[in-house]
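Shown here: run_0.cif, mmCIF, C-alpha atoms.
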```cif
data_final
loop_
_atom_site.label_atom_id
_atom_site.label_comp_id
_atom_site.auth_asym_id
_atom_site.auth_seq_id
_atom_site.Cartn_x
_atom_site.Cartn_y
_atom_site.Cartn_z
CA MET A 143 -0.80 -6.07 26.49
CA PRO A 144 -4.03 -4.01 26.14
CA THR A 145 -3.32 -0.50 25.01
CA THR A 146 -4.06 2.14 27.60
CA LYS A 147 -4.35 5.00 25.14
CA THR A 148 -7.85 6.12 24.26
CA TYR A 149 -9.03 7.73 21.05
CA THR A 150 -12.11 9.58 19.94
CA GLU A 151 -13.95 7.63 17.26
CA GLN A 152 -12.84 10.16 14.66
CA GLN A 153 -9.16 9.88 15.66
CA LEU A 154 -9.37 6.11 15.74
CA VAL A 155 -10.95 5.87 12.29
CA SER A 156 -8.41 8.16 10.64
CA LEU A 157 -5.53 6.19 12.26
CA LEU A 158 -7.08 2.90 11.16
CA LYS A 159 -7.29 4.18 7.61
CA THR A 160 -3.53 4.76 7.65
CA ARG A 161 -3.18 1.10 8.76
CA ASP A 162 -1.72 2.22 12.10
CA ASN A 163 -0.81 -0.98 13.95
CA GLN A 164 -1.24 0.59 17.38
CA ALA A 165 -4.73 1.78 16.49
CA PHE A 166 -5.60 -1.73 15.32
CA GLY A 167 -4.25 -3.07 18.59
CA TYR A 168 -6.54 -0.69 20.46
CA LEU A 169 -9.45 -1.71 18.24
CA TYR A 170 -8.80 -5.36 19.02
CA ASP A 171 -8.48 -4.83 22.76
CA HIS A 172 -11.56 -2.67 22.90
CA TYR A 173 -13.95 -4.55 20.62
CA SER A 174 -12.83 -8.18 20.35
CA GLY A 175 -14.97 -9.21 23.35
CA ALA A 176 -18.14 -7.74 21.89
CA LEU A 177 -17.52 -9.14 18.40
CA TYR A 178 -16.57 -12.51 19.85
CA THR A 179 -19.86 -12.56 21.77
CA ILE A 180 -22.00 -12.16 18.68
CA ILE A 181 -19.93 -14.73 16.78
CA VAL A 182 -20.27 -17.34 19.53
CA GLN A 183 -23.97 -16.62 19.90
CA ILE A 184 -24.49 -17.30 16.21
CA LEU A 185 -22.16 -20.29 15.83
CA SER A 186 -22.33 -21.82 19.34
CA ASP A 187 -18.88 -23.26 18.67
CA VAL A 188 -16.00 -21.69 20.58
CA GLU A 189 -13.23 -23.09 18.42
CA LEU A 190 -14.89 -22.06 15.20
CA ALA A 191 -15.65 -18.66 16.74
CA ASN A 192 -11.91 -18.13 17.27
CA ASP A 193 -11.30 -18.62 13.56
CA VAL A 194 -14.19 -16.39 12.56
CA LEU A 195 -13.04 -13.64 14.96
CA GLN A 196 -9.64 -13.77 13.31
CA GLU A 197 -11.26 -13.56 9.89
CA VAL A 198 -13.43 -10.65 11.03
CA PHE A 199 -10.47 -8.59 12.24
CA ILE A 200 -8.56 -9.30 9.05
CA ASN A 201 -11.59 -8.15 7.09
CA ILE A 202 -11.83 -4.98 9.17
CA TRP A 203 -8.15 -4.36 8.46
CA ARG A 204 -8.66 -4.89 4.74
CA LYS A 205 -11.96 -3.07 4.33
CA ILE A 206 -11.41 -0.10 6.64
CA ASP A 207 -11.16 2.22 3.62
CA SER A 208 -14.73 1.36 2.65
CA TYR A 209 -16.03 2.40 6.07
CA ASP A 210 -18.11 5.59 5.79
CA HIS A 211 -18.77 7.33 9.12
CA ASN A 212 -21.75 9.15 7.56
CA LYS A 213 -23.60 5.86 7.35
CA GLY A 214 -23.09 4.74 10.91
CA ARG A 215 -20.76 4.20 13.83
CA LEU A 216 -17.61 2.10 13.51
CA PHE A 217 -18.99 -0.43 16.00
CA THR A 218 -22.18 -0.90 13.97
CA TRP A 219 -20.10 -1.50 10.85
CA MET A 220 -17.89 -4.05 12.64
CA LEU A 221 -20.82 -5.76 14.33
CA ASN A 222 -22.43 -6.30 10.93
CA ILE A 223 -19.18 -7.67 9.50
CA ALA A 224 -19.00 -10.12 12.43
CA ARG A 225 -22.66 -11.09 12.10
CA ASN A 226 -22.42 -11.62 8.33
CA ALA A 227 -19.21 -13.65 8.62
CA SER A 228 -20.79 -15.84 11.30
CA ILE A 229 -23.97 -16.45 9.32
CA ASP A 230 -21.90 -17.24 6.22
CA THR A 231 -19.97 -19.80 8.26
CA LEU A 232 -23.18 -21.18 9.70
CA ARG A 233 -24.47 -21.78 6.20
CA SER A 234 -21.25 -23.09 4.70
CA LYS A 235 -21.14 -26.70 3.58
CA THR A 236 -18.33 -27.73 5.90
CA TYR A 237 -20.18 -26.37 8.91
CA GLN A 238 -23.36 -28.17 7.89
CA ASN A 239 -21.46 -31.45 7.41
CA ASP A 240 -19.75 -31.12 10.77
CA ARG A 241 -23.12 -30.73 12.41
CA LYS A 242 -24.85 -33.59 10.62
CA ASN A 243 -24.25 -36.28 13.20
CA GLN A 244 -24.82 -34.09 16.19
CA PRO A 245 -28.25 -33.57 17.71
CA MET A 246 -29.50 -30.45 15.99
CA PRO A 247 -32.04 -28.38 17.85
CA GLY A 248 -35.25 -27.89 15.91
CA MET A 249 -35.52 -24.41 14.53
CA VAL A 250 -39.07 -24.00 15.67
CA ASP A 251 -39.03 -25.81 18.97
CA GLU A 252 -35.72 -24.59 20.29
CA PRO A 253 -34.71 -21.39 18.60
CA MET A 254 -32.31 -20.54 21.41
CA MET A 255 -29.11 -22.40 20.97
CA PRO A 256 -28.55 -24.90 23.73
CA GLY A 257 -25.22 -25.10 25.51
CA GLN A 258 -23.69 -22.29 23.48
CA ALA A 259 -20.39 -20.98 24.72
CA SER A 260 -21.16 -22.39 28.14
CA HIS A 261 -17.63 -21.98 29.44
CA LEU A 262 -17.60 -18.36 28.43
CA ASN A 263 -21.07 -17.89 29.85
CA ILE A 264 -22.10 -15.46 27.15
CA ASP A 265 -25.53 -16.90 26.52
CA ASN A 266 -27.26 -13.93 27.89
CA ILE A 267 -25.24 -10.87 27.13
CA GLY A 268 -25.42 -8.25 24.46
CA PHE A 269 -28.30 -8.34 22.09
CA ARG A 270 -29.24 -11.83 23.27
CA LYS A 271 -29.89 -10.53 26.78
CA VAL A 272 -32.24 -7.90 25.46
CA LEU A 273 -33.98 -10.58 23.45
CA SER A 274 -34.76 -12.54 26.61
CA GLN A 275 -37.02 -9.74 27.70
CA LEU A 276 -39.28 -10.20 24.67
CA LYS A 277 -42.34 -12.34 24.47
CA ASP A 278 -41.63 -15.84 23.15
CA ASP A 279 -43.31 -15.40 19.75
CA GLN A 280 -41.31 -12.21 19.17
CA ARG A 281 -38.06 -13.61 20.50
CA ILE A 282 -38.19 -16.65 18.20
CA LEU A 283 -38.65 -14.48 15.15
CA ILE A 284 -35.81 -12.11 16.09
CA ASP A 285 -33.59 -15.09 16.77
CA LEU A 286 -34.29 -16.52 13.33
CA ALA A 287 -33.83 -13.18 11.65
CA TYR A 288 -30.89 -11.85 13.58
CA PHE A 289 -28.91 -14.90 14.73
CA LYS A 290 -29.75 -17.24 11.86
CA GLY A 291 -29.96 -14.69 9.10
CA TYR A 292 -33.27 -15.80 7.63
CA THR A 293 -35.32 -13.44 5.50
CA HIS A 294 -38.91 -12.62 6.47
CA GLU A 295 -40.13 -14.89 3.67
CA GLU A 296 -38.02 -17.81 4.93
CA ILE A 297 -39.25 -17.26 8.48
CA ALA A 298 -42.85 -17.23 7.27
CA THR A 299 -42.26 -20.62 5.63
CA ILE A 300 -40.43 -22.10 8.62
CA GLN A 301 -42.93 -20.80 11.14
CA GLN A 302 -45.91 -21.39 8.88
CA ILE A 303 -47.32 -17.95 9.62
CA PRO A 304 -48.26 -15.22 7.14
CA LEU A 305 -45.49 -12.91 5.94
CA GLY A 306 -47.44 -9.90 7.18
CA THR A 307 -47.53 -11.34 10.68
CA VAL A 308 -43.76 -11.96 10.59
CA LYS A 309 -43.12 -8.37 9.57
CA THR A 310 -45.42 -6.96 12.24
CA ARG A 311 -43.97 -9.09 15.04
CA ILE A 312 -40.40 -8.34 14.15
CA ARG A 313 -41.06 -4.63 13.84
CA ASN A 314 -42.81 -4.55 17.20
CA ALA A 315 -39.98 -6.55 18.74
CA LEU A 316 -37.40 -4.11 17.43
CA ILE A 317 -39.30 -1.12 18.71
CA GLN A 318 -39.42 -2.77 22.13
CA LEU A 319 -35.70 -3.47 21.96
CA ARG A 320 -35.06 0.21 21.49
CA GLU A 321 -37.04 0.88 24.63
CA PHE A 322 -35.11 -1.76 26.57
CA LEU A 323 -31.82 -0.23 25.61
CA LYS A 324 -32.81 3.22 26.79
CA MET B 184 -43.27 12.31 4.63
CA ASN B 185 -43.96 12.02 8.29
CA ILE B 186 -40.47 11.38 9.60
CA LYS B 187 -41.61 10.57 13.13
CA GLU B 188 -43.84 7.83 11.79
CA TYR B 189 -40.97 6.54 9.69
CA ILE B 190 -38.69 6.41 12.72
CA ASP B 191 -41.38 4.70 14.78
CA SER B 192 -41.73 2.00 12.14
CA GLY B 193 -38.54 0.39 13.48
CA ILE B 194 -36.54 1.19 10.36
CA VAL B 195 -33.64 2.54 12.45
CA GLU B 196 -33.22 -0.82 14.23
CA TYR B 197 -33.64 -2.75 10.99
CA VAL B 198 -30.87 -0.77 9.36
CA VAL B 199 -28.47 -0.71 12.32
CA LEU B 200 -28.84 -4.42 13.05
CA GLY B 201 -28.34 -5.26 9.39
CA LEU B 202 -31.82 -6.69 8.92
CA ALA B 203 -33.06 -4.18 6.36
CA LYS B 204 -33.36 -5.17 2.72
CA PRO B 205 -30.92 -3.35 0.39
CA GLN B 206 -33.61 -1.11 -1.11
CA ASP B 207 -34.96 -0.13 2.34
CA ARG B 208 -31.45 0.60 3.47
CA ALA B 209 -30.76 2.77 0.43
CA GLU B 210 -33.98 4.71 1.05
CA PHE B 211 -32.99 5.18 4.71
CA GLU B 212 -29.58 6.54 3.78
CA GLN B 213 -31.14 8.88 1.27
CA LEU B 214 -33.61 10.22 3.86
CA CYS B 215 -30.80 10.73 6.38
CA ILE B 216 -29.41 13.46 4.10
CA THR B 217 -32.70 15.37 4.30
CA TYR B 218 -33.78 14.64 7.88
CA PRO B 219 -31.26 15.30 10.65
CA GLU B 220 -33.67 13.86 13.21
CA LEU B 221 -33.42 10.51 11.41
CA VAL B 222 -29.64 10.64 11.77
CA GLN B 223 -30.08 11.55 15.44
CA ALA B 224 -32.37 8.56 16.00
CA ARG B 225 -29.92 6.25 14.28
CA GLU B 226 -26.93 7.60 16.22
CA ALA B 227 -28.81 7.29 19.50
CA PHE B 228 -29.62 3.63 18.87
CA GLU B 229 -26.10 2.84 17.68
CA ALA B 230 -24.56 4.47 20.75
CA LYS B 231 -26.90 2.55 23.06
CA LEU B 232 -26.16 -0.73 21.30
CA GLU B 233 -22.41 -0.16 21.46
CA ASP B 234 -22.45 0.90 25.12
CA PHE B 235 -24.57 -2.10 25.94
CA TYR B 236 -22.20 -4.52 24.20
CA ILE B 237 -19.00 -2.97 25.53
CA GLN B 238 -20.35 -2.79 29.05
CA GLN B 239 -21.45 -6.41 29.05
CA THR B 240 -18.41 -7.88 27.31
CA SER B 241 -15.68 -5.87 29.01
CA THR B 242 -14.87 -8.79 31.32
CA ILE B 243 -14.39 -11.27 28.48
CA VAL B 244 -10.74 -12.22 28.20
CA LEU B 245 -9.83 -13.87 24.94
CA PRO B 246 -6.82 -16.16 24.55
CA ALA B 247 -3.65 -14.07 24.05
CA GLU B 248 -2.79 -16.36 21.15
CA LEU B 249 -5.74 -14.95 19.18
CA ARG B 250 -4.45 -11.40 19.47
CA LEU B 251 -0.99 -12.57 18.47
CA ARG B 252 -2.42 -14.29 15.39
CA PHE B 253 -4.14 -11.07 14.38
CA THR B 254 -1.03 -8.98 14.97
CA GLU B 255 1.05 -11.38 12.90
CA ALA B 256 -1.55 -11.39 10.15
CA MET B 257 -1.46 -7.58 10.11
CA GLU B 258 2.31 -7.59 9.84
CA ASN B 259 2.24 -10.17 7.04
CA SER B 260 -0.62 -8.36 5.40
CA SER B 261 1.18 -8.06 2.04
CA ILE B 262 0.62 -11.81 1.55
CA ASN B 263 -3.08 -11.34 2.11
CA GLN B 264 -3.51 -9.21 -1.03
CA THR B 265 -4.26 -6.08 0.96
CA PRO B 266 -5.08 -2.79 -0.76
CA THR B 267 -2.61 -0.24 -2.08
CA LYS B 268 -2.05 1.56 1.22
CA VAL B 269 -0.31 -1.46 2.65
CA PHE B 270 2.16 -1.32 -0.17
CA ALA B 271 2.79 2.29 0.73
CA MET B 272 3.80 1.12 4.23
CA GLU B 273 6.16 -1.41 2.76
CA ASN B 274 7.65 1.16 0.44
CA SER B 275 8.59 3.37 3.38
CA ASN B 276 10.95 0.59 4.45
CA ARG B 277 12.22 -0.46 1.08
CA PRO B 278 14.19 2.62 -0.09
CA ARG B 279 16.10 2.70 3.18
CA ARG B 280 17.16 -0.90 2.68
CA THR B 281 18.07 -0.24 -0.95
CA ASN B 282 20.14 2.81 0.00
CA TRP B 283 21.93 0.88 2.67
CA LEU B 284 22.72 -1.90 0.22
CA ALA B 285 23.88 0.56 -2.42
CA VAL B 286 26.16 2.34 0.05
CA ALA B 287 27.55 -0.97 1.29
CA SER B 288 28.28 -2.25 -2.21
CA VAL B 289 29.95 1.01 -3.25
CA ILE B 290 32.17 0.86 -0.15
CA LEU B 291 32.96 -2.77 -0.92
CA LEU B 292 33.76 -1.93 -4.53
CA ILE B 293 36.11 0.89 -3.51
CA ALA B 294 37.81 -1.35 -0.96
CA CYS B 295 38.24 -4.10 -3.56
CA ALA B 296 39.67 -1.66 -6.11
CA TYR B 297 42.06 -0.22 -3.50
CA PHE B 298 43.36 -3.66 -2.48
CA ALA B 299 43.59 -4.80 -6.09
CA TYR B 300 45.68 -1.74 -6.90
CA GLN B 301 47.80 -2.28 -3.80
CA PHE B 302 48.49 -5.89 -4.71
CA TYR B 303 49.15 -4.96 -8.34
CA SER B 304 51.70 -2.23 -7.56
CA GLN B 305 53.31 -4.35 -4.84
CA ASN B 306 53.62 -7.17 -7.34
CA GLU B 307 55.11 -4.84 -9.93
CA THR B 308 57.68 -3.52 -7.42
CA LEU B 309 58.61 -7.06 -6.43
CA LYS B 310 58.90 -8.14 -10.06
CA LYS B 311 61.19 -5.19 -10.80
CA ALA B 312 63.31 -5.84 -7.70
CA ASN B 313 63.46 -9.49 -8.60
CA ALA B 314 64.59 -8.72 -12.15
CA GLU B 315 67.30 -6.39 -10.82
CA LEU B 316 68.49 -9.07 -8.43
CA GLN B 317 68.51 -11.63 -11.24
CA GLN B 318 70.55 -9.27 -13.40
CA LYS B 319 73.02 -8.67 -10.59
CA ALA B 320 73.25 -12.38 -9.87
CA ASP B 321 73.84 -13.06 -13.58
CA SER B 322 76.65 -10.52 -13.91
CA THR B 323 78.18 -11.61 -10.61
CA ASP B 324 78.06 -15.18 -11.83
CA ALA B 325 79.67 -14.16 -15.14
CA ILE B 326 82.43 -12.31 -13.31
CA LEU B 327 82.96 -15.25 -11.01
CA GLN B 328 83.12 -17.66 -13.94
CA GLN B 329 85.65 -15.36 -15.59
CA ILE B 330 87.75 -15.18 -12.43
CA ILE B 331 87.65 -18.94 -12.11
CA ALA B 332 88.72 -19.26 -15.76
CA GLU B 333 91.54 -16.75 -15.19
CA GLN B 334 92.60 -18.54 -12.05
CA LYS B 335 93.08 -21.73 -14.05
CA VAL B 336 95.68 -19.94 -16.15
CA PHE B 337 97.91 -19.48 -13.12
CA LYS B 338 97.44 -23.01 -11.91
CA ASP B 339 97.78 -24.77 -15.25
CA SER B 340 101.10 -26.66 -15.52
CA ASN B 341 101.11 -26.31 -19.29
CA VAL B 342 101.23 -22.54 -19.05
CA THR B 343 104.58 -20.86 -19.55
CA VAL B 344 105.00 -17.61 -17.63
CA VAL B 345 107.08 -15.07 -19.51
CA SER B 346 108.20 -12.07 -17.50
CA MET B 347 108.43 -9.00 -19.69
CA GLU B 348 111.32 -6.77 -18.61
CA GLY B 349 111.46 -3.08 -19.37
CA THR B 350 113.74 -1.97 -22.16
CA LYS B 351 116.08 0.99 -22.05
CA VAL B 352 113.30 3.17 -23.52
CA ALA B 353 110.95 2.19 -20.74
CA PRO B 354 112.84 0.66 -17.83
CA ARG B 355 109.87 0.64 -15.47
CA SER B 356 107.50 -1.10 -17.81
CA SER B 357 106.66 -4.60 -16.75
CA ALA B 358 104.09 -7.24 -17.58
CA ASN B 359 103.67 -11.00 -17.56
CA VAL B 360 102.60 -13.13 -20.46
CA TYR B 361 100.98 -16.48 -19.72
CA TRP B 362 101.26 -18.71 -22.73
CA ASP B 363 99.64 -22.08 -23.04
CA SER B 364 101.33 -23.68 -26.04
CA THR B 365 98.99 -26.70 -25.94
CA ASN B 366 95.94 -24.64 -26.90
CA SER B 367 97.76 -21.53 -28.20
CA SER B 368 96.16 -19.26 -25.56
CA VAL B 369 97.97 -16.07 -24.60
CA PHE B 370 97.07 -14.05 -21.50
CA LEU B 371 98.64 -10.80 -20.40
CA VAL B 372 98.88 -9.40 -16.87
CA VAL B 373 99.84 -5.74 -16.87
CA LYS B 374 101.99 -4.91 -13.85
CA ASN B 375 103.16 -1.43 -14.64
CA MET B 376 102.84 0.30 -17.99
CA PRO B 377 103.09 4.12 -18.29
CA LYS B 378 99.97 5.95 -19.37
CA LEU B 379 99.77 6.77 -23.09
CA PRO B 380 98.22 9.65 -25.04
CA SER B 381 94.66 8.83 -26.09
CA ASP B 382 95.67 8.24 -29.72
CA GLN B 383 98.17 5.51 -28.78
CA GLN B 384 97.94 1.95 -27.47
CA TYR B 385 100.34 -0.80 -26.48
CA GLN B 386 100.60 -3.75 -28.84
CA LEU B 387 101.74 -7.26 -27.97
CA TRP B 388 103.78 -9.24 -30.40
CA ALA B 389 104.97 -12.79 -30.61
CA LEU B 390 108.35 -13.30 -32.29
CA ILE B 391 108.36 -16.45 -34.37
CA ASP B 392 111.56 -17.18 -36.32
CA GLY B 393 112.50 -13.53 -35.85
CA LYS B 394 109.25 -12.30 -37.35
CA PRO B 395 106.62 -10.42 -35.29
CA LYS B 396 103.06 -11.70 -35.02
CA ASP B 397 100.29 -9.34 -33.82
CA LEU B 398 98.65 -10.55 -30.63
CA GLY B 399 96.39 -7.53 -30.09
CA VAL B 400 96.38 -4.12 -28.44
CA PHE B 401 95.81 -3.03 -24.85
CA ASP B 402 95.75 0.07 -22.69
CA SER B 403 97.97 0.98 -19.75
CA GLU B 404 95.03 0.89 -17.36
CA GLN B 405 92.97 -2.24 -17.33
CA GLU B 406 89.77 -3.13 -15.57
CA LYS B 407 90.70 -6.76 -15.84
CA LEU B 408 93.50 -8.46 -14.09
CA ILE B 409 94.14 -10.81 -17.01
CA LEU B 410 93.73 -9.90 -20.67
CA LYS B 411 93.08 -12.64 -23.15
CA MET B 412 95.16 -11.86 -26.25
CA LYS B 413 95.19 -13.47 -29.66
CA GLY B 414 96.59 -16.95 -29.55
CA THR B 415 99.83 -18.29 -31.00
CA GLN B 416 101.16 -21.79 -31.26
CA LYS B 417 104.76 -20.77 -31.48
CA ALA B 418 106.72 -17.97 -29.86
CA GLU B 419 110.42 -17.47 -29.23
CA ALA B 420 109.81 -14.21 -27.44
CA PHE B 421 107.06 -11.68 -26.69
CA ALA B 422 107.42 -7.94 -27.18
CA ILE B 423 105.37 -4.89 -26.37
CA THR B 424 105.56 -1.77 -28.52
CA ILE B 425 103.72 1.56 -28.56
CA GLU B 426 101.60 1.94 -31.64
CA LYS B 427 98.83 4.16 -32.91
CA LYS B 428 95.35 3.39 -31.53
CA GLY B 429 94.07 0.14 -32.92
CA GLY B 430 97.53 -1.22 -33.59
CA ASN B 431 99.84 -1.60 -36.59
CA PRO B 432 100.43 -4.56 -38.88
CA SER B 433 104.15 -4.48 -38.07
CA PRO B 434 105.86 -3.28 -34.89
CA THR B 435 107.65 -0.01 -34.48
CA LEU B 436 110.66 -1.58 -32.90
CA GLU B 437 112.31 1.62 -31.68
CA LYS B 438 109.33 2.01 -29.42
CA MET B 439 109.57 -1.44 -27.94
CA GLN B 440 108.72 -1.22 -24.29
CA SER B 441 109.49 -4.62 -22.99
CA LEU B 442 110.65 -7.97 -24.16
CA GLY B 443 110.51 -11.43 -22.70
CA LYS B 444 111.90 -14.63 -24.10
CA THR B 445 110.18 -17.94 -23.80
CA LYS B 446 112.35 -20.59 -22.23
CA ALA B 447 111.62 -23.45 -24.45
CA PRO B 448 112.92 -22.65 -27.93
CA LEU B 449 116.07 -20.86 -26.80
#
```
What does this structure look like when you write it as structure tokens?
Amino acid sequence: MPTTKTYTEQQLVSLLKTRDNQAFGYLYDHYSGALYTIIVQILSDVELANDVLQEVFINIWRKIDSYDHNKGRLFTWMLNIARNASIDTLRSKTYQNDRKNQPMPGMVDEPMMPGQASHLNIDNIGFRKVLSQLKDDQRILIDLAYFKGYTHEEIATIQQIPLGTVKTRIRNALIQLREFLK
Amino acid sequence: MNIKEYIDSGIVEYVVLGLAKPQDRAEFEQLCITYPELVQAREAFEAKLEDFYIQQTSTIVLPAELRLRFTEAMENSSINQTPTKVFAMENSNRPRRTNWLAVASVILLIACAYFAYQFYSQNETLKKANAELQQKADSTDAILQQIIAEQKVFKDSNVTVVSMEGTKVAPRSSANVYWDSTNSSVFLVVKNMPKLPSDQQYQLWALIDGKPKDLGVFDSEQEKLILKMKGTQKAEAFAITIEKKGGNPSPTLEKMQSLGKTKAPL
């Protein structure tokens, strides 16, 4: 089923903008694993992640015209769609209600989600893997900011540390991440 | 602005990872237009991030059902209020279908018209043929009825047959008169009567008490076997004379062709 044809990013984008089904098939085969990873890492619910992945690809299909290659790569654009959709789901009422009676890990004590996507074993891949190389105080803040979608102000409140400290730690963490990726 | 310092602030990662506030992001995009090195830094981080993700997730196999769901959703995208371009895709199919339908209905219409005309003209032909047959049957029936009626004359025991013998003027003339005295009917069967000029006709007479009574005119050649003449209740004899066309009120006796006496009153 996966398409064997390869495209340059430019070719792919222009085909996607014509709603070329084959190009969307390629997009799915090539990127669904990566997008699924970030969704599962945020939601730690495989079944829900399936639905969100579906929603994400539909949104990519719908919004492809609004993608501007001058502002960033296609993958960056899609990754942000996936991240935003996952955080929206995480914050939705139904999700919160579903979680009510389950043991919820404390934000502060256990920022890393326990038992997430265990059968897919994607705890430690992608951005999450890079995070594991950070110091604990940095990693917690990145986790709250990136995987939970909290603002710096919210993190300062949750962590009971000054906003300035939050900003400094996160910035330093991000600069380190860049180094890790090199 | 020191662009290197700006890059080192971590802004690139903030923006790419979607953590930057809207105003910071807008500023970053604005600066990208002026500073190509900023774009380079951003592209470098994006490429690394993508490579890293793809490399690490390439072994993930998602349920085939998920891909199918997406493919189906794409195909049914018109339901999902997709933008105008999707309608353009649909339109590329629609005219073909419309044309096909139009062609099919025109063909159907022509076929219907052809068959309707065929049935109509066939029906008309049959109606005409039927009418002709009816007419023939009617006339045949009339002729048959006439023949049957004439036949009765010969059979009827009340009918007196009077054989008309040729006179000296016309020795070869001969005819039979069938006279039914009960209903006064007179029939004539021409056996042999010489042809007359077109201005003349034979005239049959009944002789009652020596006086002639006109029983009508006839021609030498007859389509009918039996001619119904005017009736008479009494007759001592019958006579045939040659008269002008249409007959005369009284007979020209010198031109009497044949004469036959009835048996009874003699």
Requested in this report: Write out as number ranges by chain every residue belonging to chain A that has an atom at most 6 Å from any atom of chain B, counting only C-alpha atoms.
Outcome: A: 175-176, 204, 268, 313, 317
Query - Within 7 Å of range 422-431 of chain B using all atoms listed in the file, minus same-chain residues under 6 positions, as a PyMOL selection string - result: chain B and resi 382-389+400+438-443
Requested in this report: One decimal, Å: what's the distance from CA of Tyr209 in chain A over to CA of Asn192 in chain A, could you say?
Outcome: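 Separating CA of Tyr209 in chain A from CA of Asn192 in chain A is a distance of 23.7 Å.
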Report task. Find the residues near range 390-397 of chain B: any atom within 9 Å, counting only C-alpha atoms, skip ones fewer than 6 places away on the same chain, and give them as an MDAnalysis selection string. Result -> chainID B and resid 413 415 417:422 430:434
Take the residues that were just selected and, keeping C-alpha atoms, output them as an mmCIF file, in the coordinates of the input.
```cif
data_model
loop_
_atom_site.group_PDB
_atom_site.id
_atom_site.type_symbol
_atom_site.label_atom_id
_atom_site.label_comp_id
_atom_site.auth_asym_id
_atom_site.auth_seq_id
_atom_site.Cartn_x
_atom_site.Cartn_y
_atom_site.Cartn_z
ATOM 1 C CA LYS B 413 95.190 -13.470 -29.660
ATOM 2 C CA THR B 415 99.830 -18.290 -31.000
ATOM 3 C CA LYS B 417 104.760 -20.770 -31.480
ATOM 4 C CA ALA B 418 106.720 -17.970 -29.860
ATOM 5 C CA GLU B 419 110.420 -17.470 -29.230
ATOM 6 C CA ALA B 420 109.810 -14.210 -27.440
ATOM 7 C CA PHE B 421 107.060 -11.680 -26.690
ATOM 8 C CA ALA B 422 107.420 -7.940 -27.180
ATOM 9 C CA GLY B 430 97.530 -1.220 -33.590
ATOM 10 C CA ASN B 431 99.840 -1.600 -36.590
ATOM 11 C CA PRO B 432 100.430 -4.560 -38.880
ATOM 12 C CA SER B 433 104.150 -4.480 -38.070
ATOM 13 C CA PRO B 434 105.860 -3.280 -34.890
#
```
Query raised in the report: Nearest to Val198 in chain A among A:Thr231, A:Gln153, A:Thr293, A:Thr299, with distances taken over all atoms listed in the file: which residue is it?
Result: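 Looking at the shortest contact to Val198 in chain A, the residue is A:Thr231.
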